[in-house]
$ cat final27.pdb   # PDB, N, CA and C atoms and all ligand atoms
ATOM      1  N   MET A   1     -16.430 -10.022  -5.506  1.00  0.00           N
ATOM      2  CA  MET A   1     -15.198 -10.080  -4.721  1.00  0.00           C
ATOM      3  C   MET A   1     -14.011  -9.712  -5.603  1.00  0.00           C
ATOM      4  N   LEU A   2     -13.200  -8.783  -5.100  1.00  0.00           N
ATOM      5  CA  LEU A   2     -12.021  -8.377  -5.863  1.00  0.00           C
ATOM      6  C   LEU A   2     -10.960  -9.470  -5.826  1.00  0.00           C
ATOM      7  N   LYS A   3     -10.159  -9.485  -6.852  1.00  0.00           N
ATOM      8  CA  LYS A   3      -8.993 -10.365  -6.855  1.00  0.00           C
ATOM      9  C   LYS A   3      -7.795  -9.572  -6.338  1.00  0.00           C
ATOM     10  N   CYS A   4      -6.767 -10.318  -5.903  1.00  0.00           N
ATOM     11  CA  CYS A   4      -5.593  -9.656  -5.342  1.00  0.00           C
ATOM     12  C   CYS A   4      -4.993  -8.646  -6.311  1.00  0.00           C
ATOM     13  N   ASN A   5      -4.900  -9.010  -7.560  1.00  0.00           N
ATOM     14  CA  ASN A   5      -4.258  -8.075  -8.498  1.00  0.00           C
ATOM     15  C   ASN A   5      -5.084  -6.807  -8.685  1.00  0.00           C
ATOM     16  N   GLU A   6      -6.400  -6.905  -8.542  1.00  0.00           N
ATOM     17  CA  GLU A   6      -7.236  -5.707  -8.632  1.00  0.00           C
ATOM     18  C   GLU A   6      -7.019  -4.800  -7.423  1.00  0.00           C
ATOM     19  N   VAL A   7      -6.833  -5.417  -6.280  1.00  0.00           N
ATOM     20  CA  VAL A   7      -6.561  -4.646  -5.067  1.00  0.00           C
ATOM     21  C   VAL A   7      -5.212  -3.937  -5.203  1.00  0.00           C
ATOM     22  N   VAL A   8      -4.227  -4.674  -5.682  1.00  0.00           N
ATOM     23  CA  VAL A   8      -2.888  -4.107  -5.846  1.00  0.00           C
ATOM     24  C   VAL A   8      -2.921  -2.934  -6.825  1.00  0.00           C
ATOM     25  N   GLU A   9      -3.700  -3.072  -7.904  1.00  0.00           N
ATOM     26  CA  GLU A   9      -3.824  -1.986  -8.882  1.00  0.00           C
ATOM     27  C   GLU A   9      -4.414  -0.726  -8.260  1.00  0.00           C
ATOM     28  N   ARG A  10      -5.321  -0.909  -7.328  1.00  0.00           N
ATOM     29  CA  ARG A  10      -5.999   0.249  -6.734  1.00  0.00           C
ATOM     30  C   ARG A  10      -5.352   0.726  -5.456  1.00  0.00           C
ATOM     31  N   ALA A  11      -4.355  -0.003  -4.999  1.00  0.00           N
ATOM     32  CA  ALA A  11      -3.719   0.339  -3.724  1.00  0.00           C
ATOM     33  C   ALA A  11      -3.121   1.743  -3.771  1.00  0.00           C
ATOM     34  N   ASP A  12      -2.580   2.132  -4.928  1.00  0.00           N
ATOM     35  CA  ASP A  12      -2.026   3.483  -5.079  1.00  0.00           C
ATOM     36  C   ASP A  12      -3.075   4.535  -4.771  1.00  0.00           C
ATOM     37  N   GLU A  13      -4.250   4.346  -5.312  1.00  0.00           N
ATOM     38  CA  GLU A  13      -5.334   5.306  -5.120  1.00  0.00           C
ATOM     39  C   GLU A  13      -5.772   5.346  -3.668  1.00  0.00           C
ATOM     40  N   LEU A  14      -5.812   4.177  -3.078  1.00  0.00           N
ATOM     41  CA  LEU A  14      -6.208   4.072  -1.682  1.00  0.00           C
ATOM     42  C   LEU A  14      -5.214   4.831  -0.800  1.00  0.00           C
ATOM     43  N   VAL A  15      -3.947   4.631  -1.061  1.00  0.00           N
ATOM     44  CA  VAL A  15      -2.895   5.242  -0.244  1.00  0.00           C
ATOM     45  C   VAL A  15      -2.774   6.734  -0.532  1.00  0.00           C
ATOM     46  N   ASP A  16      -2.953   7.117  -1.786  1.00  0.00           N
ATOM     47  CA  ASP A  16      -2.881   8.533  -2.169  1.00  0.00           C
ATOM     48  C   ASP A  16      -4.045   9.351  -1.661  1.00  0.00           C
ATOM     49  N   GLY A  17      -5.088   8.695  -1.238  1.00  0.00           N
ATOM     50  CA  GLY A  17      -6.289   9.405  -0.822  1.00  0.00           C
ATOM     51  C   GLY A  17      -7.138   9.843  -2.009  1.00  0.00           C
ATOM     52  N   THR A  18      -6.934   9.219  -3.157  1.00  0.00           N
ATOM     53  CA  THR A  18      -7.799   9.473  -4.310  1.00  0.00           C
ATOM     54  C   THR A  18      -9.223   9.081  -3.944  1.00  0.00           C
ATOM     55  N   PRO A  19     -10.190   9.963  -4.197  1.00  0.00           N
ATOM     56  CA  PRO A  19     -11.550   9.596  -3.819  1.00  0.00           C
ATOM     57  C   PRO A  19     -12.049   8.401  -4.624  1.00  0.00           C
ATOM     58  N   LEU A  20     -12.468   7.396  -3.898  1.00  0.00           N
ATOM     59  CA  LEU A  20     -13.045   6.208  -4.524  1.00  0.00           C
ATOM     60  C   LEU A  20     -14.535   6.203  -4.208  1.00  0.00           C
ATOM     61  N   SER A  21     -15.272   5.538  -5.042  1.00  0.00           N
ATOM     62  CA  SER A  21     -16.697   5.437  -4.753  1.00  0.00           C
ATOM     63  C   SER A  21     -16.892   4.572  -3.506  1.00  0.00           C
ATOM     64  N   PHE A  22     -18.034   4.733  -2.896  1.00  0.00           N
ATOM     65  CA  PHE A  22     -18.341   3.935  -1.707  1.00  0.00           C
ATOM     66  C   PHE A  22     -18.209   2.447  -2.008  1.00  0.00           C
ATOM     67  N   ARG A  23     -18.707   2.059  -3.153  1.00  0.00           N
ATOM     68  CA  ARG A  23     -18.666   0.663  -3.582  1.00  0.00           C
ATOM     69  C   ARG A  23     -17.240   0.140  -3.715  1.00  0.00           C
ATOM     70  N   GLN A  24     -16.395   0.953  -4.339  1.00  0.00           N
ATOM     71  CA  GLN A  24     -14.995   0.549  -4.520  1.00  0.00           C
ATOM     72  C   GLN A  24     -14.272   0.427  -3.187  1.00  0.00           C
ATOM     73  N   ARG A  25     -14.528   1.425  -2.324  1.00  0.00           N
ATOM     74  CA  ARG A  25     -13.847   1.428  -1.032  1.00  0.00           C
ATOM     75  C   ARG A  25     -14.297   0.231  -0.194  1.00  0.00           C
ATOM     76  N   TRP A  26     -15.572  -0.032  -0.275  1.00  0.00           N
ATOM     77  CA  TRP A  26     -16.126  -1.153   0.477  1.00  0.00           C
ATOM     78  C   TRP A  26     -15.532  -2.473  -0.003  1.00  0.00           C
ATOM     79  N   ALA A  27     -15.442  -2.601  -1.304  1.00  0.00           N
ATOM     80  CA  ALA A  27     -14.883  -3.833  -1.887  1.00  0.00           C
ATOM     81  C   ALA A  27     -13.419  -4.015  -1.475  1.00  0.00           C
ATOM     82  N   LEU A  28     -12.675  -2.896  -1.495  1.00  0.00           N
ATOM     83  CA  LEU A  28     -11.270  -2.964  -1.085  1.00  0.00           C
ATOM     84  C   LEU A  28     -11.143  -3.351   0.385  1.00  0.00           C
ATOM     85  N   ARG A  29     -11.945  -2.714   1.209  1.00  0.00           N
ATOM     86  CA  ARG A  29     -11.869  -3.004   2.645  1.00  0.00           C
ATOM     87  C   ARG A  29     -12.223  -4.442   2.946  1.00  0.00           C
ATOM     88  N   LEU A  30     -13.228  -4.911   2.280  1.00  0.00           N
ATOM     89  CA  LEU A  30     -13.657  -6.295   2.488  1.00  0.00           C
ATOM     90  C   LEU A  30     -12.526  -7.256   2.122  1.00  0.00           C
ATOM     91  N   HIS A  31     -11.895  -6.957   1.005  1.00  0.00           N
ATOM     92  CA  HIS A  31     -10.786  -7.815   0.589  1.00  0.00           C
ATOM     93  C   HIS A  31      -9.638  -7.750   1.594  1.00  0.00           C
ATOM     94  N   LEU A  32      -9.311  -6.534   2.027  1.00  0.00           N
ATOM     95  CA  LEU A  32      -8.200  -6.358   2.963  1.00  0.00           C
ATOM     96  C   LEU A  32      -8.474  -7.065   4.294  1.00  0.00           C
ATOM     97  N   MET A  33      -9.738  -7.097   4.687  1.00  0.00           N
ATOM     98  CA  MET A  33     -10.085  -7.784   5.930  1.00  0.00           C
ATOM     99  C   MET A  33      -9.787  -9.273   5.839  1.00  0.00           C
ATOM    100  N   MET A  34      -9.922  -9.811   4.640  1.00  0.00           N
ATOM    101  CA  MET A  34      -9.816 -11.262   4.490  1.00  0.00           C
ATOM    102  C   MET A  34      -8.480 -11.722   3.915  1.00  0.00           C
ATOM    103  N   CYS A  35      -7.725 -10.775   3.383  1.00  0.00           N
ATOM    104  CA  CYS A  35      -6.515 -11.183   2.669  1.00  0.00           C
ATOM    105  C   CYS A  35      -5.278 -10.570   3.325  1.00  0.00           C
ATOM    106  N   HIS A  36      -4.536 -11.414   3.977  1.00  0.00           N
ATOM    107  CA  HIS A  36      -3.334 -10.972   4.677  1.00  0.00           C
ATOM    108  C   HIS A  36      -2.299 -10.403   3.706  1.00  0.00           C
ATOM    109  N   HIS A  37      -2.191 -11.024   2.571  1.00  0.00           N
ATOM    110  CA  HIS A  37      -1.203 -10.614   1.569  1.00  0.00           C
ATOM    111  C   HIS A  37      -1.437  -9.159   1.144  1.00  0.00           C
ATOM    112  N   CYS A  38      -2.655  -8.831   0.815  1.00  0.00           N
ATOM    113  CA  CYS A  38      -2.952  -7.474   0.338  1.00  0.00           C
ATOM    114  C   CYS A  38      -2.874  -6.457   1.471  1.00  0.00           C
ATOM    115  N   ARG A  39      -3.243  -6.890   2.654  1.00  0.00           N
ATOM    116  CA  ARG A  39      -3.146  -6.012   3.814  1.00  0.00           C
ATOM    117  C   ARG A  39      -1.694  -5.580   4.006  1.00  0.00           C
ATOM    118  N   ARG A  40      -0.811  -6.538   3.896  1.00  0.00           N
ATOM    119  CA  ARG A  40       0.606  -6.276   4.051  1.00  0.00           C
ATOM    120  C   ARG A  40       1.108  -5.354   2.938  1.00  0.00           C
ATOM    121  N   TYR A  41       0.636  -5.628   1.727  1.00  0.00           N
ATOM    122  CA  TYR A  41       1.051  -4.816   0.585  1.00  0.00           C
ATOM    123  C   TYR A  41       0.650  -3.357   0.776  1.00  0.00           C
ATOM    124  N   VAL A  42      -0.602  -3.144   1.182  1.00  0.00           N
ATOM    125  CA  VAL A  42      -1.103  -1.780   1.371  1.00  0.00           C
ATOM    126  C   VAL A  42      -0.341  -1.082   2.490  1.00  0.00           C
ATOM    127  N   ARG A  43      -0.034  -1.816   3.539  1.00  0.00           N
ATOM    128  CA  ARG A  43       0.696  -1.222   4.659  1.00  0.00           C
ATOM    129  C   ARG A  43       2.103  -0.792   4.216  1.00  0.00           C
ATOM    130  N   GLN A  44       2.742  -1.638   3.459  1.00  0.00           N
ATOM    131  CA  GLN A  44       4.088  -1.316   2.969  1.00  0.00           C
ATOM    132  C   GLN A  44       4.066  -0.113   2.042  1.00  0.00           C
ATOM    133  N   LEU A  45       3.077  -0.090   1.176  1.00  0.00           N
ATOM    134  CA  LEU A  45       2.952   1.015   0.233  1.00  0.00           C
ATOM    135  C   LEU A  45       2.713   2.324   0.981  1.00  0.00           C
ATOM    136  N   ARG A  46       1.883   2.253   2.000  1.00  0.00           N
ATOM    137  CA  ARG A  46       1.569   3.437   2.786  1.00  0.00           C
ATOM    138  C   ARG A  46       2.831   3.971   3.483  1.00  0.00           C
ATOM    139  N   LEU A  47       3.609   3.067   4.051  1.00  0.00           N
ATOM    140  CA  LEU A  47       4.867   3.459   4.698  1.00  0.00           C
ATOM    141  C   LEU A  47       5.817   4.104   3.699  1.00  0.00           C
ATOM    142  N   LEU A  48       5.873   3.530   2.530  1.00  0.00           N
ATOM    143  CA  LEU A  48       6.758   4.040   1.483  1.00  0.00           C
ATOM    144  C   LEU A  48       6.327   5.449   1.069  1.00  0.00           C
ATOM    145  N   VAL A  49       5.035   5.634   0.836  1.00  0.00           N
ATOM    146  CA  VAL A  49       4.510   6.937   0.423  1.00  0.00           C
ATOM    147  C   VAL A  49       4.752   7.979   1.515  1.00  0.00           C
ATOM    148  N   GLN A  50       4.521   7.588   2.761  1.00  0.00           N
ATOM    149  CA  GLN A  50       4.745   8.525   3.870  1.00  0.00           C
ATOM    150  C   GLN A  50       6.192   8.949   3.937  1.00  0.00           C
ATOM    151  N   SER A  51       7.099   8.018   3.807  1.00  0.00           N
ATOM    152  CA  SER A  51       8.507   8.362   3.927  1.00  0.00           C
ATOM    153  C   SER A  51       8.962   9.197   2.736  1.00  0.00           C
ATOM    154  N   LEU A  52       8.369   8.999   1.579  1.00  0.00           N
ATOM    155  CA  LEU A  52       8.723   9.808   0.422  1.00  0.00           C
ATOM    156  C   LEU A  52       8.189  11.226   0.566  1.00  0.00           C
ATOM    157  N   ARG A  53       7.016  11.353   1.168  1.00  0.00           N
ATOM    158  CA  ARG A  53       6.426  12.681   1.345  1.00  0.00           C
ATOM    159  C   ARG A  53       7.224  13.527   2.324  1.00  0.00           C
ATOM    160  N   ARG A  54       7.852  12.852   3.280  1.00  0.00           N
ATOM    161  CA  ARG A  54       8.652  13.580   4.265  1.00  0.00           C
ATOM    162  C   ARG A  54       9.866  14.217   3.604  1.00  0.00           C
ATOM    163  N   ASN A  55      10.281  13.641   2.500  1.00  0.00           N
ATOM    164  CA  ASN A  55      11.450  14.127   1.787  1.00  0.00           C
ATOM    165  C   ASN A  55      10.997  14.914   0.557  1.00  0.00           C
ATOM    166  N   PRO A  56      11.216  16.245   0.552  1.00  0.00           N
ATOM    167  CA  PRO A  56      10.709  17.057  -0.565  1.00  0.00           C
ATOM    168  C   PRO A  56      11.417  16.779  -1.885  1.00  0.00           C
ATOM    169  N   GLU A  57      12.652  16.298  -1.823  1.00  0.00           N
ATOM    170  CA  GLU A  57      13.360  15.953  -3.057  1.00  0.00           C
ATOM    171  C   GLU A  57      12.837  14.616  -3.578  1.00  0.00           C
ATOM    172  N   PRO A  58      12.821  14.458  -4.895  1.00  0.00           N
ATOM    173  CA  PRO A  58      12.437  13.139  -5.415  1.00  0.00           C
ATOM    174  C   PRO A  58      13.394  12.074  -4.881  1.00  0.00           C
ATOM    175  N   ALA A  59      12.845  10.964  -4.443  1.00  0.00           N
ATOM    176  CA  ALA A  59      13.673   9.920  -3.849  1.00  0.00           C
ATOM    177  C   ALA A  59      14.509   9.245  -4.926  1.00  0.00           C
ATOM    178  N   SER A  60      15.749   8.999  -4.595  1.00  0.00           N
ATOM    179  CA  SER A  60      16.579   8.213  -5.494  1.00  0.00           C
ATOM    180  C   SER A  60      16.237   6.739  -5.315  1.00  0.00           C
ATOM    181  N   GLU A  61      16.651   5.947  -6.254  1.00  0.00           N
ATOM    182  CA  GLU A  61      16.399   4.506  -6.151  1.00  0.00           C
ATOM    183  C   GLU A  61      17.018   3.929  -4.891  1.00  0.00           C
ATOM    184  N   GLU A  62      18.164   4.502  -4.544  1.00  0.00           N
ATOM    185  CA  GLU A  62      18.866   4.040  -3.349  1.00  0.00           C
ATOM    186  C   GLU A  62      18.024   4.268  -2.098  1.00  0.00           C
ATOM    187  N   GLU A  63      17.406   5.444  -2.034  1.00  0.00           N
ATOM    188  CA  GLU A  63      16.551   5.766  -0.881  1.00  0.00           C
ATOM    189  C   GLU A  63      15.333   4.849  -0.819  1.00  0.00           C
ATOM    190  N   VAL A  64      14.765   4.601  -1.976  1.00  0.00           N
ATOM    191  CA  VAL A  64      13.613   3.696  -2.023  1.00  0.00           C
ATOM    192  C   VAL A  64      14.022   2.304  -1.542  1.00  0.00           C
ATOM    193  N   ASP A  65      15.179   1.860  -1.998  1.00  0.00           N
ATOM    194  CA  ASP A  65      15.704   0.561  -1.554  1.00  0.00           C
ATOM    195  C   ASP A  65      15.870   0.515  -0.047  1.00  0.00           C
ATOM    196  N   GLN A  66      16.378   1.599   0.482  1.00  0.00           N
ATOM    197  CA  GLN A  66      16.614   1.680   1.920  1.00  0.00           C
ATOM    198  C   GLN A  66      15.290   1.552   2.688  1.00  0.00           C
ATOM    199  N   VAL A  67      14.297   2.277   2.224  1.00  0.00           N
ATOM    200  CA  VAL A  67      12.985   2.224   2.872  1.00  0.00           C
ATOM    201  C   VAL A  67      12.406   0.818   2.776  1.00  0.00           C
ATOM    202  N   MET A  68      12.537   0.212   1.602  1.00  0.00           N
ATOM    203  CA  MET A  68      11.994  -1.129   1.422  1.00  0.00           C
ATOM    204  C   MET A  68      12.695  -2.131   2.336  1.00  0.00           C
ATOM    205  N   ARG A  69      13.983  -1.939   2.522  1.00  0.00           N
ATOM    206  CA  ARG A  69      14.723  -2.827   3.435  1.00  0.00           C
ATOM    207  C   ARG A  69      14.248  -2.655   4.866  1.00  0.00           C
ATOM    208  N   GLN A  70      14.022  -1.405   5.257  1.00  0.00           N
ATOM    209  CA  GLN A  70      13.507  -1.151   6.611  1.00  0.00           C
ATOM    210  C   GLN A  70      12.155  -1.825   6.815  1.00  0.00           C
ATOM    211  N   ILE A  71      11.318  -1.720   5.790  1.00  0.00           N
ATOM    212  CA  ILE A  71      10.001  -2.341   5.881  1.00  0.00           C
ATOM    213  C   ILE A  71      10.136  -3.853   6.010  1.00  0.00           C
ATOM    214  N   GLU A  72      11.003  -4.424   5.183  1.00  0.00           N
ATOM    215  CA  GLU A  72      11.212  -5.868   5.241  1.00  0.00           C
ATOM    216  C   GLU A  72      11.709  -6.305   6.606  1.00  0.00           C
ATOM    217  N   GLN A  73      12.622  -5.505   7.158  1.00  0.00           N
ATOM    218  CA  GLN A  73      13.135  -5.835   8.488  1.00  0.00           C
ATOM    219  C   GLN A  73      12.048  -5.778   9.541  1.00  0.00           C
ATOM    220  N   SER A  74      11.206  -4.738   9.456  1.00  0.00           N
ATOM    221  CA  SER A  74      10.152  -4.617  10.463  1.00  0.00           C
ATOM    222  C   SER A  74       9.109  -5.721  10.292  1.00  0.00           C
ATOM    223  N   GLU A  75       8.950  -6.208   9.067  1.00  0.00           N
ATOM    224  CA  GLU A  75       8.009  -7.295   8.817  1.00  0.00           C
ATOM    225  C   GLU A  75       8.485  -8.624   9.415  1.00  0.00           C
ATOM    226  N   SER A  76       9.795  -8.810   9.416  1.00  0.00           N
ATOM    227  CA  SER A  76      10.318 -10.121   9.803  1.00  0.00           C
ATOM    228  C   SER A  76      10.463 -10.281  11.313  1.00  0.00           C
ATOM    229  N   THR A  77      10.290  -9.191  12.036  1.00  0.00           N
ATOM    230  CA  THR A  77      10.407  -9.311  13.496  1.00  0.00           C
ATOM    231  C   THR A  77       9.053  -9.574  14.131  1.00  0.00           C
TER     232      THR A  77
HETATM  233 ZN    ZN B   1      -5.592 -10.178  -1.717  1.00  0.00          ZN
END

$ encode --input "final27.pdb" --output "structure tokens" --more "lines below"
Ligand SMILES: [Zn+2]
Amino acid sequence: MLKCNEVVERADELVDGTPLSFRQRWALRLHLMMCHHCRRYVRQLRLLVQSLRRNPEPASEEEVDQVMRQIEQSEST
């Protein structure tokens, strides 16, 4: 069983679409099914990556902050 910090470390790869082995992907999915915290983390990261990809210019810190605030707002409703 993966620990939360291991999931968080690999979340980038998961969101980037980096090919993971079947075993790794399975372990991540199993953890995400059972862990609300990591599920939320992966979802936020995915939203962040998507919004950055839409913008061809490198995002400024301000833009990243803005996206994170939007995510936080959508989480709290
Ligand atoms: Zn977790």

$ select_by_dssp --input "final27.pdb" --residues "chain A" --states "alpha helix (DSSP H)" --output "PyMOL selection string"
chain A and resi 4-16+22-34+36-54+61-76

$ atom_distance --input "final27.pdb" --atom1 "CA of Leu30 in chain A" --atom2 "atom C of Val42 in chain A"
14.3 Å

$ resolve_selection --input "final27.pdb" --expression "the PyMOL selection byres (((not hetatm) and name CA) within 6 of (chain B and resi 1))" --output "list in words"
Cys4, Cys35, His37 and Cys38 of chain A

$ write_last_selection --input "final27.pdb" --atoms "N, CA and C atoms" --output "short mmCIF file (atom, residue, chain, number, x, y, z; two decimals), keeping the file's coordinate frame"
data_model
loop_
_atom_site.label_atom_id
_atom_site.label_comp_id
_atom_site.auth_asym_id
_atom_site.auth_seq_id
_atom_site.Cartn_x
_atom_site.Cartn_y
_atom_site.Cartn_z
N CYS A 4 -6.77 -10.32 -5.90
CA CYS A 4 -5.59 -9.66 -5.34
C CYS A 4 -4.99 -8.65 -6.31
N CYS A 35 -7.72 -10.78 3.38
CA CYS A 35 -6.52 -11.18 2.67
C CYS A 35 -5.28 -10.57 3.32
N HIS A 37 -2.19 -11.02 2.57
CA HIS A 37 -1.20 -10.61 1.57
C HIS A 37 -1.44 -9.16 1.14
N CYS A 38 -2.66 -8.83 0.82
CA CYS A 38 -2.95 -7.47 0.34
C CYS A 38 -2.87 -6.46 1.47
#

$ atom_distance --input "final27.pdb" --atom1 "CA of Val15 in chain A" --atom2 "CA of Leu45 in chain A"
7.2 Å

$ closest_residue --input "final27.pdb" --among "A:Ser76, A:Val67, A:Ala27, A:Val8" --to "Leu47 in chain A" --atoms "all atoms listed in the file"
A:Val67

$ build_atoms --input "final27.pdb" --residues "range 28-37 of chain A" --atoms "all heavy atoms" --output "PDB file, keeping the file's coordinate frame"
ATOM      1  N   LEU A  28     -12.675  -2.896  -1.495  1.00  0.00           N
ATOM      2  CA  LEU A  28     -11.270  -2.964  -1.085  1.00  0.00           C
ATOM      3  C   LEU A  28     -11.143  -3.351   0.385  1.00  0.00           C
ATOM      4  O   LEU A  28     -10.343  -4.210   0.745  1.00  0.00           O
ATOM      5  CB  LEU A  28     -10.581  -1.608  -1.305  1.00  0.00           C
ATOM      6  CG  LEU A  28     -10.196  -1.263  -2.743  1.00  0.00           C
ATOM      7  CD1 LEU A  28      -9.804   0.198  -2.852  1.00  0.00           C
ATOM      8  CD2 LEU A  28      -9.057  -2.138  -3.219  1.00  0.00           C
ATOM      9  N   ARG A  29     -11.945  -2.714   1.209  1.00  0.00           N
ATOM     10  CA  ARG A  29     -11.869  -3.004   2.645  1.00  0.00           C
ATOM     11  C   ARG A  29     -12.223  -4.442   2.946  1.00  0.00           C
ATOM     12  O   ARG A  29     -11.599  -5.076   3.792  1.00  0.00           O
ATOM     13  CB  ARG A  29     -12.846  -2.108   3.403  1.00  0.00           C
ATOM     14  CG  ARG A  29     -12.277  -0.734   3.556  1.00  0.00           C
ATOM     15  CD  ARG A  29     -13.129   0.062   4.495  1.00  0.00           C
ATOM     16  NE  ARG A  29     -12.379   1.250   4.894  1.00  0.00           N
ATOM     17  CZ  ARG A  29     -12.657   1.960   5.960  1.00  0.00           C
ATOM     18  NH1 ARG A  29     -13.662   1.622   6.735  1.00  0.00           N
ATOM     19  NH2 ARG A  29     -11.956   3.001   6.271  1.00  0.00           N
ATOM     20  N   LEU A  30     -13.228  -4.911   2.280  1.00  0.00           N
ATOM     21  CA  LEU A  30     -13.657  -6.295   2.488  1.00  0.00           C
ATOM     22  C   LEU A  30     -12.526  -7.256   2.122  1.00  0.00           C
ATOM     23  O   LEU A  30     -12.219  -8.196   2.857  1.00  0.00           O
ATOM     24  CB  LEU A  30     -14.895  -6.573   1.628  1.00  0.00           C
ATOM     25  CG  LEU A  30     -15.577  -7.912   1.863  1.00  0.00           C
ATOM     26  CD1 LEU A  30     -16.277  -7.915   3.221  1.00  0.00           C
ATOM     27  CD2 LEU A  30     -16.581  -8.194   0.765  1.00  0.00           C
ATOM     28  N   HIS A  31     -11.895  -6.957   1.005  1.00  0.00           N
ATOM     29  CA  HIS A  31     -10.786  -7.815   0.589  1.00  0.00           C
ATOM     30  C   HIS A  31      -9.638  -7.750   1.594  1.00  0.00           C
ATOM     31  O   HIS A  31      -9.071  -8.771   1.969  1.00  0.00           O
ATOM     32  CB  HIS A  31     -10.305  -7.414  -0.807  1.00  0.00           C
ATOM     33  CG  HIS A  31      -9.255  -8.332  -1.355  1.00  0.00           C
ATOM     34  ND1 HIS A  31      -9.535  -9.339  -2.246  1.00  0.00           N
ATOM     35  CD2 HIS A  31      -7.929  -8.418  -1.096  1.00  0.00           C
ATOM     36  CE1 HIS A  31      -8.418  -9.996  -2.513  1.00  0.00           C
ATOM     37  NE2 HIS A  31      -7.420  -9.453  -1.824  1.00  0.00           N
ATOM     38  N   LEU A  32      -9.311  -6.534   2.027  1.00  0.00           N
ATOM     39  CA  LEU A  32      -8.200  -6.358   2.963  1.00  0.00           C
ATOM     40  C   LEU A  32      -8.474  -7.065   4.294  1.00  0.00           C
ATOM     41  O   LEU A  32      -7.553  -7.558   4.938  1.00  0.00           O
ATOM     42  CB  LEU A  32      -7.919  -4.872   3.208  1.00  0.00           C
ATOM     43  CG  LEU A  32      -7.336  -4.123   2.006  1.00  0.00           C
ATOM     44  CD1 LEU A  32      -7.182  -2.654   2.337  1.00  0.00           C
ATOM     45  CD2 LEU A  32      -6.004  -4.695   1.570  1.00  0.00           C
ATOM     46  N   MET A  33      -9.738  -7.097   4.687  1.00  0.00           N
ATOM     47  CA  MET A  33     -10.085  -7.784   5.930  1.00  0.00           C
ATOM     48  C   MET A  33      -9.787  -9.273   5.839  1.00  0.00           C
ATOM     49  O   MET A  33      -9.452  -9.921   6.819  1.00  0.00           O
ATOM     50  CB  MET A  33     -11.579  -7.606   6.231  1.00  0.00           C
ATOM     51  CG  MET A  33     -11.844  -6.500   7.212  1.00  0.00           C
ATOM     52  SD  MET A  33     -13.529  -6.601   7.825  1.00  0.00           S
ATOM     53  CE  MET A  33     -14.441  -6.079   6.388  1.00  0.00           C
ATOM     54  N   MET A  34      -9.922  -9.811   4.640  1.00  0.00           N
ATOM     55  CA  MET A  34      -9.816 -11.262   4.490  1.00  0.00           C
ATOM     56  C   MET A  34      -8.480 -11.722   3.915  1.00  0.00           C
ATOM     57  O   MET A  34      -8.169 -12.896   3.953  1.00  0.00           O
ATOM     58  CB  MET A  34     -10.948 -11.764   3.590  1.00  0.00           C
ATOM     59  CG  MET A  34     -12.281 -11.424   4.207  1.00  0.00           C
ATOM     60  SD  MET A  34     -13.703 -12.267   3.507  1.00  0.00           S
ATOM     61  CE  MET A  34     -13.412 -12.214   1.797  1.00  0.00           C
ATOM     62  N   CYS A  35      -7.725 -10.775   3.383  1.00  0.00           N
ATOM     63  CA  CYS A  35      -6.515 -11.183   2.669  1.00  0.00           C
ATOM     64  C   CYS A  35      -5.278 -10.570   3.325  1.00  0.00           C
ATOM     65  O   CYS A  35      -5.033  -9.372   3.228  1.00  0.00           O
ATOM     66  CB  CYS A  35      -6.613 -10.768   1.210  1.00  0.00           C
ATOM     67  SG  CYS A  35      -5.171 -11.235   0.259  1.00  0.00           S
ATOM     68  N   HIS A  36      -4.536 -11.414   3.977  1.00  0.00           N
ATOM     69  CA  HIS A  36      -3.334 -10.972   4.677  1.00  0.00           C
ATOM     70  C   HIS A  36      -2.299 -10.403   3.706  1.00  0.00           C
ATOM     71  O   HIS A  36      -1.646  -9.400   3.979  1.00  0.00           O
ATOM     72  CB  HIS A  36      -2.750 -12.167   5.442  1.00  0.00           C
ATOM     73  CG  HIS A  36      -1.448 -11.856   6.099  1.00  0.00           C
ATOM     74  ND1 HIS A  36      -1.379 -11.090   7.241  1.00  0.00           N
ATOM     75  CD2 HIS A  36      -0.187 -12.179   5.762  1.00  0.00           C
ATOM     76  CE1 HIS A  36      -0.099 -10.971   7.578  1.00  0.00           C
ATOM     77  NE2 HIS A  36       0.638 -11.622   6.705  1.00  0.00           N
ATOM     78  N   HIS A  37      -2.191 -11.024   2.571  1.00  0.00           N
ATOM     79  CA  HIS A  37      -1.203 -10.614   1.569  1.00  0.00           C
ATOM     80  C   HIS A  37      -1.437  -9.159   1.144  1.00  0.00           C
ATOM     81  O   HIS A  37      -0.517  -8.352   1.140  1.00  0.00           O
ATOM     82  CB  HIS A  37      -1.298 -11.555   0.368  1.00  0.00           C
ATOM     83  CG  HIS A  37      -0.499 -11.087  -0.812  1.00  0.00           C
ATOM     84  ND1 HIS A  37       0.862 -11.248  -0.886  1.00  0.00           N
ATOM     85  CD2 HIS A  37      -0.868 -10.439  -1.939  1.00  0.00           C
ATOM     86  CE1 HIS A  37       1.286 -10.723  -2.027  1.00  0.00           C
ATOM     87  NE2 HIS A  37       0.272 -10.223  -2.684  1.00  0.00           N
TER      88      HIS A  37
END
